[in-house]
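Dropping entry.cif in here (mmCIF, C-alpha atoms and all ligand atoms):
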```cif
data_input
loop_
_atom_site.label_atom_id
_atom_site.label_comp_id
_atom_site.auth_asym_id
_atom_site.auth_seq_id
_atom_site.Cartn_x
_atom_site.Cartn_y
_atom_site.Cartn_z
CA MET A 283 103.02 103.28 61.02
CA GLU A 284 101.89 106.72 62.17
CA LYS A 285 104.26 108.29 64.72
CA ARG A 286 102.79 108.89 68.19
CA PRO A 287 102.68 112.55 69.23
CA THR A 288 105.15 113.36 72.01
CA ALA A 289 104.72 115.34 75.23
CA LEU A 290 107.32 116.69 77.65
CA ILE A 291 106.08 117.47 81.15
CA LEU A 292 108.19 119.57 83.48
CA GLY A 293 107.29 118.65 87.07
CA ALA A 294 106.33 115.32 88.59
CA GLY A 295 103.97 116.59 91.26
CA ILE A 296 100.30 115.66 91.18
CA MET A 297 99.59 117.99 88.23
CA GLY A 298 102.41 116.79 86.01
CA LEU A 299 101.87 113.12 86.81
CA CYS A 300 98.10 113.25 86.32
CA THR A 301 98.60 115.01 83.01
CA ALA A 302 101.14 112.35 82.04
CA TRP A 303 98.62 109.62 82.96
CA ALA A 304 95.90 111.25 80.91
CA LEU A 305 98.16 111.98 77.91
CA LEU A 306 99.23 108.32 77.83
CA ARG A 307 95.52 107.46 77.63
CA GLN A 308 95.25 109.91 74.73
CA GLY A 309 97.96 108.01 72.85
CA PHE A 310 100.95 110.31 73.51
CA ALA A 311 104.52 109.20 74.12
CA VAL A 312 105.31 110.95 77.41
CA GLN A 313 108.51 112.13 79.05
CA VAL A 314 108.41 113.67 82.54
CA LEU A 315 111.29 115.74 83.87
CA ASP A 316 111.79 116.55 87.55
CA GLN A 317 114.70 117.70 89.66
CA ALA A 318 114.08 114.66 91.91
CA MET A 319 112.51 111.25 91.40
CA PRO A 320 108.87 111.30 92.56
CA PRO A 321 107.63 111.34 95.21
CA ASN A 322 109.74 114.46 95.84
CA PRO A 323 109.14 115.51 99.47
CA ALA A 324 110.03 119.12 98.59
CA GLY A 325 107.10 119.36 96.15
CA ALA A 326 103.72 120.77 97.12
CA SER A 327 102.05 117.42 96.47
CA VAL A 328 104.07 115.16 98.72
CA ASP A 329 102.77 114.79 102.23
CA HIS A 330 100.67 112.13 103.96
CA HIS A 331 97.37 113.68 102.99
CA ARG A 332 95.32 116.27 101.14
CA LEU A 333 91.64 117.09 101.68
CA ILE A 334 88.76 116.88 99.23
CA ARG A 335 85.53 118.68 100.10
CA HIS A 336 82.54 120.40 98.53
CA ALA A 337 82.59 123.18 101.14
CA TYR A 338 83.88 126.06 99.00
CA GLY A 339 82.31 129.29 100.24
CA ALA A 340 80.97 131.31 97.31
CA GLN A 341 83.23 129.52 94.79
CA ARG A 342 80.49 127.43 93.21
CA GLY A 343 82.58 126.55 90.15
CA TYR A 344 85.08 124.73 92.37
CA MET A 345 82.31 123.19 94.51
CA ARG A 346 80.84 121.62 91.36
CA MET A 347 84.25 120.66 90.02
CA VAL A 348 84.59 118.38 93.06
CA ASP A 349 82.02 116.03 91.47
CA ASP A 350 84.17 115.87 88.33
CA ALA A 351 87.21 115.40 90.55
CA TYR A 352 85.70 112.37 92.29
CA ALA A 353 84.78 110.81 88.94
CA ALA A 354 88.34 111.32 87.68
CA TRP A 355 89.84 109.85 90.87
CA ASP A 356 87.62 106.80 90.36
CA ARG A 357 89.08 106.34 86.86
CA LEU A 358 92.57 106.67 88.34
CA TRP A 359 91.85 104.16 91.14
CA ALA A 360 90.65 101.71 88.48
CA ASP A 361 93.96 102.11 86.61
CA LEU A 362 96.08 101.94 89.77
CA GLY A 363 94.17 98.96 91.15
CA GLU A 364 93.72 100.59 94.56
CA VAL A 365 91.60 103.31 96.16
CA LEU A 366 93.76 105.92 97.89
CA HIS A 367 90.93 107.98 99.38
CA VAL A 368 89.39 107.69 102.85
CA PRO A 369 85.92 109.22 103.38
CA THR A 370 85.71 111.27 106.59
CA GLY A 371 83.06 113.94 106.09
CA VAL A 372 83.72 117.62 106.76
CA LEU A 373 83.06 119.60 109.92
CA ALA A 374 83.28 123.37 109.45
CA LEU A 375 83.10 125.62 112.51
CA ASP A 376 82.95 129.39 112.77
CA GLU A 377 83.32 131.63 115.80
CA ALA A 378 82.08 134.71 113.98
CA GLU A 379 79.11 133.76 111.79
CA GLY A 380 81.29 134.84 108.89
CA ALA A 381 80.53 134.89 105.18
CA TRP A 382 82.44 131.75 104.17
CA LEU A 383 80.30 129.30 106.11
CA ARG A 384 77.10 131.13 105.23
CA GLU A 385 77.99 131.07 101.53
CA THR A 386 79.04 127.43 101.73
CA ARG A 387 75.68 126.51 103.23
CA ALA A 388 73.79 128.50 100.57
CA ALA A 389 75.75 126.85 97.75
CA LEU A 390 75.28 123.33 99.15
CA ARG A 391 71.58 123.98 99.65
CA ALA A 392 71.12 125.41 96.13
CA ASP A 393 72.56 122.21 94.64
CA GLY A 394 70.66 119.94 97.03
CA ARG A 395 73.85 118.55 98.58
CA ALA A 396 73.59 116.78 101.94
CA HIS A 397 74.64 118.90 104.90
CA GLU A 398 73.60 119.35 108.49
CA ASP A 399 73.55 122.53 110.58
CA MET A 400 74.90 121.94 114.08
CA THR A 401 74.99 123.80 117.38
CA ALA A 402 78.07 124.01 119.59
CA ALA A 403 76.44 121.54 121.98
CA ALA A 404 75.71 119.11 119.15
CA VAL A 405 79.34 119.33 118.00
CA GLU A 406 80.57 118.44 121.51
CA ALA A 407 78.07 115.61 121.82
CA ARG A 408 78.95 113.98 118.50
CA PHE A 409 82.69 114.71 118.57
CA PRO A 410 83.58 114.53 122.28
CA TYR A 411 87.27 115.20 121.61
CA LEU A 412 86.36 118.74 120.44
CA SER A 413 85.32 121.72 122.53
CA GLY A 414 82.31 123.77 121.45
CA ALA A 415 83.77 126.90 123.07
CA GLY A 416 82.99 130.02 121.06
CA ILE A 417 81.27 128.23 118.15
CA ARG A 418 78.60 130.47 116.63
CA ASP A 419 77.97 128.45 113.47
CA ALA A 420 78.68 124.84 112.48
CA LEU A 421 78.06 122.66 109.47
CA PHE A 422 78.67 118.97 108.82
CA CYS A 423 78.86 117.50 105.30
CA PRO A 424 78.92 113.71 104.99
CA ALA A 425 80.77 113.88 101.65
CA GLY A 426 84.48 114.65 101.58
CA GLY A 427 87.59 112.93 102.77
CA VAL A 428 91.32 112.45 102.69
CA LEU A 429 93.42 111.70 99.64
CA LEU A 430 96.58 109.78 100.57
CA ALA A 431 98.77 112.18 98.67
CA GLU A 432 102.25 110.69 98.89
CA ARG A 433 100.96 107.21 98.11
CA ILE A 434 99.02 108.60 95.12
CA VAL A 435 102.09 110.36 93.71
CA ALA A 436 104.26 107.24 94.19
CA ALA A 437 101.64 104.95 92.63
CA LEU A 438 101.12 107.30 89.67
CA ALA A 439 104.85 107.48 89.00
CA ARG A 440 105.06 103.68 88.99
CA HIS A 441 101.95 103.38 86.84
CA ILE A 442 102.98 105.77 84.10
CA GLN A 443 106.44 104.21 83.86
CA ALA A 444 104.87 100.76 83.59
CA HIS A 445 102.83 102.15 80.69
CA GLY A 446 105.77 103.53 78.76
CA ALA A 447 106.37 107.02 80.16
CA VAL A 448 109.95 108.00 80.92
CA ILE A 449 110.73 109.93 84.10
CA GLU A 450 114.09 111.69 83.92
CA VAL A 451 115.80 113.41 86.85
CA GLY A 452 117.19 116.77 85.82
CA ARG A 453 116.77 120.45 86.65
CA ALA A 454 115.44 122.81 84.00
CA THR A 455 117.02 126.24 83.91
CA ALA A 456 115.05 127.74 81.03
CA ILE A 457 111.74 127.12 79.30
CA HIS A 458 111.14 127.68 75.58
CA PRO A 459 107.39 127.49 74.96
CA GLU A 460 107.65 128.34 71.26
CA SER A 461 109.77 125.21 70.60
CA ALA A 462 108.13 123.11 73.36
CA SER A 463 111.53 122.54 74.95
CA VAL A 464 113.57 123.20 78.08
CA THR A 465 117.26 123.71 78.81
CA LEU A 466 118.75 121.61 81.60
CA GLU A 467 121.52 122.45 84.03
CA GLY A 468 124.69 121.73 82.04
CA GLY A 469 123.15 122.99 78.79
CA ALA A 470 121.44 119.93 77.32
CA THR A 471 117.92 120.40 75.98
CA ARG A 472 114.77 118.28 75.98
CA GLY A 473 111.79 118.85 73.74
CA ALA A 474 108.62 117.32 72.33
CA ASP A 475 105.61 118.18 70.21
CA VAL A 476 103.98 119.76 73.24
CA LEU A 477 105.34 121.00 76.58
CA VAL A 478 103.44 121.17 79.88
CA VAL A 479 105.02 123.26 82.63
CA ALA A 480 103.78 122.06 86.04
CA ALA A 481 106.62 123.22 88.27
CA GLY A 482 104.60 124.02 91.42
CA PRO A 483 105.98 126.77 93.66
CA TRP A 484 109.23 126.96 91.67
CA ILE A 485 107.42 128.36 88.66
CA PRO A 486 107.79 132.14 89.18
CA ARG A 487 111.57 131.99 88.64
CA LEU A 488 111.21 129.71 85.62
CA LEU A 489 108.44 131.66 83.90
CA PRO A 490 108.95 135.30 84.88
CA GLY A 491 105.71 136.24 83.10
CA ILE A 492 103.77 134.38 85.74
CA ALA A 493 105.60 135.88 88.72
CA THR A 494 103.20 138.82 88.77
CA ARG A 495 100.29 136.39 89.29
CA VAL A 496 101.68 133.52 91.36
CA THR A 497 103.69 133.77 94.59
CA PRO A 498 105.44 130.96 96.51
CA SER A 499 104.12 130.80 100.06
CA ARG A 500 105.86 129.10 102.97
CA GLN A 501 103.41 127.14 105.15
CA VAL A 502 104.16 125.18 108.33
CA VAL A 503 102.22 122.07 109.33
CA VAL A 504 102.39 120.19 112.64
CA ARG A 505 101.99 116.42 113.01
CA LEU A 506 100.62 114.88 116.18
CA GLU A 507 99.89 111.37 117.40
CA ALA A 508 96.21 110.67 117.97
CA PRO A 509 95.72 110.01 121.70
CA SER A 510 92.74 107.69 121.22
CA ALA A 511 91.10 105.45 118.64
CA ALA A 512 88.13 107.86 118.48
CA TRP A 513 90.25 110.24 116.41
CA VAL A 514 90.48 107.75 113.54
CA GLN A 515 86.75 108.31 112.94
CA ALA A 516 87.06 112.11 113.14
CA PRO A 517 85.93 114.30 110.23
CA MET A 518 88.29 116.75 108.60
CA LEU A 519 87.97 119.98 110.52
CA LEU A 520 87.89 123.50 109.11
CA ASP A 521 87.95 125.91 112.05
CA LEU A 522 87.32 129.53 111.10
CA ALA A 523 88.25 131.39 114.25
CA VAL A 524 88.48 135.19 114.40
CA GLU A 525 92.21 135.09 115.07
CA GLY A 526 92.98 133.05 111.94
CA GLY A 527 91.70 129.54 112.20
CA PHE A 528 93.17 126.17 111.30
CA TYR A 529 92.43 122.93 109.47
CA LEU A 530 92.92 119.46 110.89
CA VAL A 531 93.39 116.25 108.94
CA PRO A 532 92.31 113.18 110.93
CA PRO A 533 94.72 110.27 111.38
CA VAL A 534 93.31 107.96 108.71
CA ALA A 535 95.09 104.90 107.31
CA GLY A 536 97.95 105.02 109.80
CA THR A 537 98.81 108.67 109.18
CA PRO A 538 99.31 111.29 111.91
CA ILE A 539 96.92 114.09 112.80
CA LYS A 540 98.02 117.14 110.82
CA ILE A 541 97.25 120.76 111.63
CA GLY A 542 97.91 123.81 109.49
CA ASP A 543 96.60 127.36 109.31
CA HIS A 544 94.35 129.01 106.72
CA SER A 545 96.42 132.12 106.04
CA PHE A 546 99.07 132.48 103.34
CA SER A 547 102.54 133.64 104.39
CA ARG A 548 103.38 134.68 100.80
CA GLU A 549 107.05 134.46 101.86
CA GLY A 550 110.09 132.40 100.99
CA HIS A 551 111.20 130.19 98.14
CA PRO A 552 111.02 126.39 98.00
CA ASP A 553 114.83 126.14 97.76
CA ASP A 554 115.29 128.05 101.06
CA ASP A 555 116.05 126.33 104.36
CA ARG A 556 112.82 124.60 105.35
CA THR A 557 113.43 124.03 109.05
CA PRO A 558 110.32 125.26 110.86
CA ASP A 559 110.98 127.84 113.56
CA PRO A 560 109.64 126.67 116.97
CA ARG A 561 107.60 129.90 117.06
CA GLU A 562 105.87 128.92 113.81
CA VAL A 563 104.97 125.54 115.34
CA GLU A 564 103.73 127.23 118.50
CA ARG A 565 101.57 129.61 116.48
CA ILE A 566 99.84 126.71 114.69
CA LEU A 567 99.25 124.81 117.94
CA ALA A 568 97.91 127.96 119.60
CA LEU A 569 95.20 128.18 116.92
CA ALA A 570 94.00 124.67 117.80
CA ARG A 571 94.34 124.83 121.60
CA LYS A 572 90.86 126.14 122.32
CA ARG A 573 89.15 123.61 120.06
CA ILE A 574 91.08 120.51 121.07
CA PRO A 575 91.25 120.08 124.83
CA GLY A 576 94.46 118.37 125.96
CA ILE A 577 96.31 118.98 122.68
CA GLU A 578 99.43 119.85 124.71
CA GLY A 579 99.60 116.21 125.75
CA PHE A 580 99.43 114.77 122.21
CA ALA A 581 102.82 113.33 121.22
CA ARG A 582 104.47 115.59 118.64
CA LEU A 583 105.55 113.67 115.56
CA GLY A 584 107.26 116.59 113.90
CA SER A 585 106.56 119.59 111.78
CA ALA A 586 107.30 120.50 108.19
CA THR A 587 107.45 123.45 105.85
CA CYS A 588 105.61 123.15 102.55
CA PHE A 589 105.05 125.66 99.78
CA TYR A 590 101.88 126.78 98.01
CA ASP A 591 101.92 128.60 94.65
CA VAL A 592 99.41 131.29 95.52
CA GLU A 593 97.21 133.11 93.01
CA PRO A 594 95.61 136.15 94.70
CA GLU A 595 92.03 134.90 94.25
CA GLU A 596 93.05 131.23 94.46
CA ARG A 597 92.06 130.75 90.82
CA PHE A 598 94.00 128.06 89.00
CA VAL A 599 96.07 129.03 85.97
CA ILE A 600 95.85 126.45 83.16
CA GLU A 601 96.63 128.41 80.06
CA PRO A 602 98.34 127.99 76.71
CA LEU A 603 101.82 129.48 76.26
CA GLY A 604 101.65 129.99 72.53
CA ARG A 605 100.68 127.06 70.29
CA ARG A 606 102.85 124.25 71.67
CA ALA A 607 102.98 124.68 75.45
CA TRP A 608 100.70 124.94 78.48
CA VAL A 609 101.26 126.10 82.03
CA MET A 610 99.56 124.64 85.14
CA SER A 611 99.98 126.91 88.14
CA GLY A 612 98.37 128.96 90.91
CA PHE A 613 96.99 125.95 92.79
CA SER A 614 97.31 127.84 96.06
CA GLY A 615 96.28 125.63 98.98
CA HIS A 616 93.54 123.69 97.20
CA GLY A 617 94.78 122.11 93.99
CA PHE A 618 95.51 118.51 94.90
CA LYS A 619 91.89 117.35 95.01
CA PHE A 620 91.52 118.37 91.35
CA GLY A 621 94.77 116.80 90.10
CA ALA A 622 93.19 113.89 88.24
CA VAL A 623 90.42 115.89 86.59
CA LEU A 624 92.69 118.80 85.64
CA GLY A 625 95.19 116.36 84.12
CA GLU A 626 92.41 114.74 82.12
CA ARG A 627 90.99 118.03 80.87
CA LEU A 628 94.38 119.38 79.85
CA ALA A 629 95.23 116.15 78.04
CA LEU A 630 91.92 116.41 76.18
CA ALA A 631 92.64 120.03 75.23
CA ILE A 632 96.06 119.01 73.91
CA ALA A 633 94.78 115.99 72.00
CA GLN A 634 91.69 117.77 70.65
CA PRO A 635 92.46 121.52 70.48
CA ALA A 636 88.83 122.29 69.60
CA THR A 637 87.98 121.46 73.26
CA ALA A 638 90.57 123.87 74.66
CA ALA A 639 88.69 127.17 74.56
CA THR A 640 86.79 126.87 77.87
CA LEU A 641 89.57 125.18 79.83
CA PRO A 642 91.28 128.29 81.28
CA ALA A 643 88.02 129.81 82.58
CA TRP A 644 86.72 126.49 83.93
CA ALA A 645 90.05 125.79 85.66
CA ALA A 646 89.95 129.30 87.13
CA GLY A 647 86.70 128.39 88.86
CA ASP A 648 84.24 130.16 86.59
CA GLU A 649 80.88 128.47 86.21
CA VAL A 650 81.40 127.47 82.58
CA ILE A 651 80.62 124.07 81.11
CA PRO A 652 83.91 122.46 80.10
CA ALA A 653 84.21 120.56 76.85
C1 LIG B 1 100.73 122.18 103.34
C2 LIG B 1 99.82 122.04 102.15
C3 LIG B 1 98.51 121.62 102.35
C4 LIG B 1 97.66 121.51 101.25
N1 LIG B 1 96.38 121.03 101.47
C5 LIG B 1 95.59 120.77 100.40
C6 LIG B 1 94.34 120.12 100.58
O1 LIG B 1 93.96 119.78 101.70
N2 LIG B 1 93.58 119.89 99.49
C7 LIG B 1 93.98 120.23 98.23
O2 LIG B 1 93.23 120.00 97.28
N3 LIG B 1 95.19 120.83 98.02
C8 LIG B 1 95.99 121.10 99.07
N4 LIG B 1 97.21 121.70 98.90
C9 LIG B 1 97.59 122.17 97.56
C10 LIG B 1 98.12 121.06 96.68
O3 LIG B 1 98.87 120.14 97.41
C11 LIG B 1 98.94 121.69 95.58
O4 LIG B 1 98.12 122.64 94.92
C12 LIG B 1 99.39 120.67 94.54
O5 LIG B 1 100.03 119.60 95.17
C13 LIG B 1 100.32 121.32 93.53
O6 LIG B 1 100.83 120.31 92.69
P1 LIG B 1 101.88 120.63 91.55
O7 LIG B 1 102.07 119.38 90.78
O8 LIG B 1 101.44 121.86 90.82
O9 LIG B 1 103.21 121.07 92.31
P2 LIG B 1 104.39 120.21 92.97
O10 LIG B 1 103.86 119.03 93.68
O11 LIG B 1 105.25 121.13 93.74
O12 LIG B 1 105.19 119.65 91.71
C14 LIG B 1 106.08 120.45 90.99
C15 LIG B 1 107.28 119.59 90.63
O13 LIG B 1 108.09 120.35 89.74
C16 LIG B 1 109.44 120.06 90.00
N5 LIG B 1 110.26 121.17 89.52
C17 LIG B 1 110.11 122.47 89.86
N6 LIG B 1 111.04 123.22 89.23
C18 LIG B 1 111.78 122.36 88.49
C19 LIG B 1 112.89 122.53 87.62
N7 LIG B 1 113.43 123.73 87.39
N8 LIG B 1 113.41 121.44 87.02
C20 LIG B 1 112.88 120.20 87.25
N9 LIG B 1 111.84 119.98 88.07
C21 LIG B 1 111.29 121.06 88.68
C22 LIG B 1 109.49 119.91 91.51
O14 LIG B 1 110.60 119.13 91.92
C23 LIG B 1 108.15 119.25 91.82
O15 LIG B 1 108.26 117.85 91.95
C24 LIG B 1 98.10 121.83 99.96
C25 LIG B 1 99.42 122.25 99.76
C26 LIG B 1 100.28 122.34 100.84
C27 LIG B 1 101.70 122.77 100.58
#
```
When written as structure tokens, how does the structure in this file appear?
Ligand SMILES: Cc1cc2nc3c(=O)[nH]c(=O)nc-3n(C[C@H](O)[C@H](O)[C@H](O)COP(=O)(O)OP(=O)(O)OC[C@H]3O[C@@H](n4cnc5c(N)ncnc54)[C@H](O)[C@@H]3O)c2cc1C
Amino acid sequence: MEKRPTALILGAGIMGLCTAWALLRQGFAVQVLDQAMPPNPAGASVDHHRLIRHAYGAQRGYMRMVDDAYAAWDRLWADLGEVLHVPTGVLALDEAEGAWLRETRAALRADGRAHEDMTAAAVEARFPYLSGAGIRDALFCPAGGVLLAERIVAALARHIQAHGAVIEVGRATAIHPESASVTLEGGATRGADVLVVAAGPWIPRLLPGIATRVTPSRQVVVRLEAPSAAWVQAPMLLDLAVEGGFYLVPPVAGTPIKIGDHSFSREGHPDDDRTPDPREVERILALARKRIPGIEGFARLGSATCFYDVEPEERFVIEPLGRRAWVMSGFSGHGFKFGAVLGERLALAIAQPATAATLPAWAAGDEVIPA
């Protein structure tokens, strides 16, 4: 009998697990290595929710990739036997008539995608828990929603193990792309026919070559209890205020409201102390105060520090490391929504190398047609 090809995946976040799922479907024997059993709350993927939206400014490659992403999630839901996505629509607000919203509107219009221009008064009328104060431009898109991230990671980990993948807990200290292997703490090694390095914000120390392109970035999020049932129907909110702006994830499927900011700290390392400073929490809440009347009275359910792996132009890095290894990195603050489709495309490139040529440019957001 012909031997199955083998794959070793370093990192059991959304990228590593989706690639494992897709490689199993391509007939590989798969081993996943992570420093903690998934879902690892220290990873970039593990939180109640992540957003999926077509609103992408001028980045039309990523806007279009969202269609592929939805199709890939549907294939994953079919395998998992449950849908872990809640449609909410997207409300984007701008106090400055800035380029991002204008470019988003132009891109949606060019592709004939449903969207609705709104005034500040219309925003207040339809979403009475928001204030229209200062809004100069507003856009609502009916498509888009919330991916239940932690539940997806947990379900994927269970699914791939049930289909023969092995998940081992261990910390890699060195990566050897040329032999498709890694060294573990204590000196043991693990290897396979092909290695995928999907180590999230830890990657710059593991792959020094990438440290010039990808930076870990400490980000604080605040969780609040929704004060009324109306919030459960709220859209995701992208608020582009002059002084920074914030995003809000509505409290779908029993999750809290979550608020974070749009700017990258580009500071810290994921192994550092993660306790949020009260001033960091205050700064996030201050961004939302004007838009959400009464937010001071919402019960605080906690705050958390997460890490992005930031690429300066927020272009994903999915590239070969020689002939037997690939790296997945640079997912900045927007990678989760593409986890399933990126895993599928990388698995295809590994199984059928002739399809690999366009993958790095497509993953980086260029408007190329992938194989
Ligand atoms: C606060 C926040 C909000 C976000 N919001 C969105 C959003 O709304 N929409 C969206 O699309 N994206 C969003 N993102 C981005 C998205 O979540 C990330 O891009 C994505 O989760 C990255 O997945 P990953 O698998 O690359 O990394 P990770 O999930 O971090 O996985 C990497 C794994 O590698 C393991 N690992 C690392 N080093 C080692 C080692 N040496 N040995 C063994 N194991 C190791 C880690 O333990 C970890 O489990 C957000 C991210 C954050 C932090």
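Candidate residues A:Leu430, A:Ala639, A:Leu630, A:Ala607 were compared for distance to A:Gly473, and the nearest is A:Ala607, using all atoms listed in the file.
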So which one's closest to A:Ala311, A:Ile442, A:Ile492, A:Ala511, A:Ala516? Using only C-alpha atoms, please.
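Closest to A:Ala311 of all the choices is A:Ile442.
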At a cut-off of 6 Å, can you tabulate as JSON lines every residue of chain A near ligand LIG 1 (chain B) together with its closest atom pair and the distance in Å to one decimal, using all atoms listed in the file and ordering rows by chain then number?
```
{"residue": "A:Leu292", "atom": "CA", "partner": "B:LIG1", "partner_atom": "N9", "distance": 5.9}
{"residue": "A:Gly293", "atom": "CA", "partner": "B:LIG1", "partner_atom": "O13", "distance": 3.3}
{"residue": "A:Ala294", "atom": "CA", "partner": "B:LIG1", "partner_atom": "O15", "distance": 4.6}
{"residue": "A:Gly295", "atom": "CA", "partner": "B:LIG1", "partner_atom": "O12", "distance": 3.3}
{"residue": "A:Ile296", "atom": "CA", "partner": "B:LIG1", "partner_atom": "O7", "distance": 4.1}
{"residue": "A:Met297", "atom": "CA", "partner": "B:LIG1", "partner_atom": "O7", "distance": 3.8}
{"residue": "A:Gly298", "atom": "CA", "partner": "B:LIG1", "partner_atom": "O7", "distance": 5.4}
{"residue": "A:Leu315", "atom": "CA", "partner": "B:LIG1", "partner_atom": "C20", "distance": 5.8}
{"residue": "A:Asp316", "atom": "CA", "partner": "B:LIG1", "partner_atom": "N9", "distance": 3.5}
{"residue": "A:Gln317", "atom": "CA", "partner": "B:LIG1", "partner_atom": "C20", "distance": 3.9}
{"residue": "A:Ala318", "atom": "CA", "partner": "B:LIG1", "partner_atom": "O14", "distance": 5.7}
{"residue": "A:Asn322", "atom": "CA", "partner": "B:LIG1", "partner_atom": "O15", "distance": 5.4}
{"residue": "A:Gly325", "atom": "CA", "partner": "B:LIG1", "partner_atom": "O11", "distance": 3.5}
{"residue": "A:Ala326", "atom": "CA", "partner": "B:LIG1", "partner_atom": "O11", "distance": 3.7}
{"residue": "A:Ser327", "atom": "CA", "partner": "B:LIG1", "partner_atom": "O5", "distance": 3.2}
{"residue": "A:Arg332", "atom": "CA", "partner": "B:LIG1", "partner_atom": "O1", "distance": 3.8}
{"residue": "A:Leu333", "atom": "CA", "partner": "B:LIG1", "partner_atom": "O1", "distance": 3.6}
{"residue": "A:Ile334", "atom": "CA", "partner": "B:LIG1", "partner_atom": "N2", "distance": 5.7}
{"residue": "A:Gly452", "atom": "CA", "partner": "B:LIG1", "partner_atom": "C20", "distance": 5.7}
{"residue": "A:Arg453", "atom": "CA", "partner": "B:LIG1", "partner_atom": "N8", "distance": 3.5}
{"residue": "A:Ala454", "atom": "CA", "partner": "B:LIG1", "partner_atom": "N8", "distance": 3.9}
{"residue": "A:Thr455", "atom": "CA", "partner": "B:LIG1", "partner_atom": "N7", "distance": 5.6}
{"residue": "A:Ala480", "atom": "CA", "partner": "B:LIG1", "partner_atom": "O8", "distance": 5.3}
{"residue": "A:Ala481", "atom": "CA", "partner": "B:LIG1", "partner_atom": "O13", "distance": 3.5}
{"residue": "A:Gly482", "atom": "CA", "partner": "B:LIG1", "partner_atom": "O9", "distance": 3.4}
{"residue": "A:Pro483", "atom": "CA", "partner": "B:LIG1", "partner_atom": "O11", "distance": 5.7}
{"residue": "A:Trp484", "atom": "CA", "partner": "B:LIG1", "partner_atom": "N6", "distance": 4.8}
{"residue": "A:Gln501", "atom": "CA", "partner": "B:LIG1", "partner_atom": "C1", "distance": 5.9}
{"residue": "A:Cys588", "atom": "CA", "partner": "B:LIG1", "partner_atom": "C27", "distance": 4.4}
{"residue": "A:Phe589", "atom": "CA", "partner": "B:LIG1", "partner_atom": "C27", "distance": 4.5}
{"residue": "A:Tyr590", "atom": "CA", "partner": "B:LIG1", "partner_atom": "C27", "distance": 4.8}
{"residue": "A:Ser611", "atom": "CA", "partner": "B:LIG1", "partner_atom": "O8", "distance": 5.9}
{"residue": "A:Phe613", "atom": "CA", "partner": "B:LIG1", "partner_atom": "O4", "distance": 4.1}
{"residue": "A:Ser614", "atom": "CA", "partner": "B:LIG1", "partner_atom": "O4", "distance": 5.4}
{"residue": "A:Gly615", "atom": "CA", "partner": "B:LIG1", "partner_atom": "C9", "distance": 4.0}
{"residue": "A:His616", "atom": "CA", "partner": "B:LIG1", "partner_atom": "N3", "distance": 3.4}
{"residue": "A:Gly617", "atom": "CA", "partner": "B:LIG1", "partner_atom": "O4", "distance": 3.5}
{"residue": "A:Phe618", "atom": "CA", "partner": "B:LIG1", "partner_atom": "O2", "distance": 3.6}
{"residue": "A:Lys619", "atom": "CA", "partner": "B:LIG1", "partner_atom": "O2", "distance": 3.7}
```
Pairwise distance for atom CA of A:Leu522 and atom CA of A:Pro538, rounded to one decimal in Å
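If I compute the distance from atom CA of A:Leu522 to atom CA of A:Pro538, I get 21.8 Å.
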Shortest contact to A:Leu375, candidates A:Arg391, A:Arg418, A:Arg440, A:Arg582, atoms counted only C-alpha atoms, goes to A:Arg418
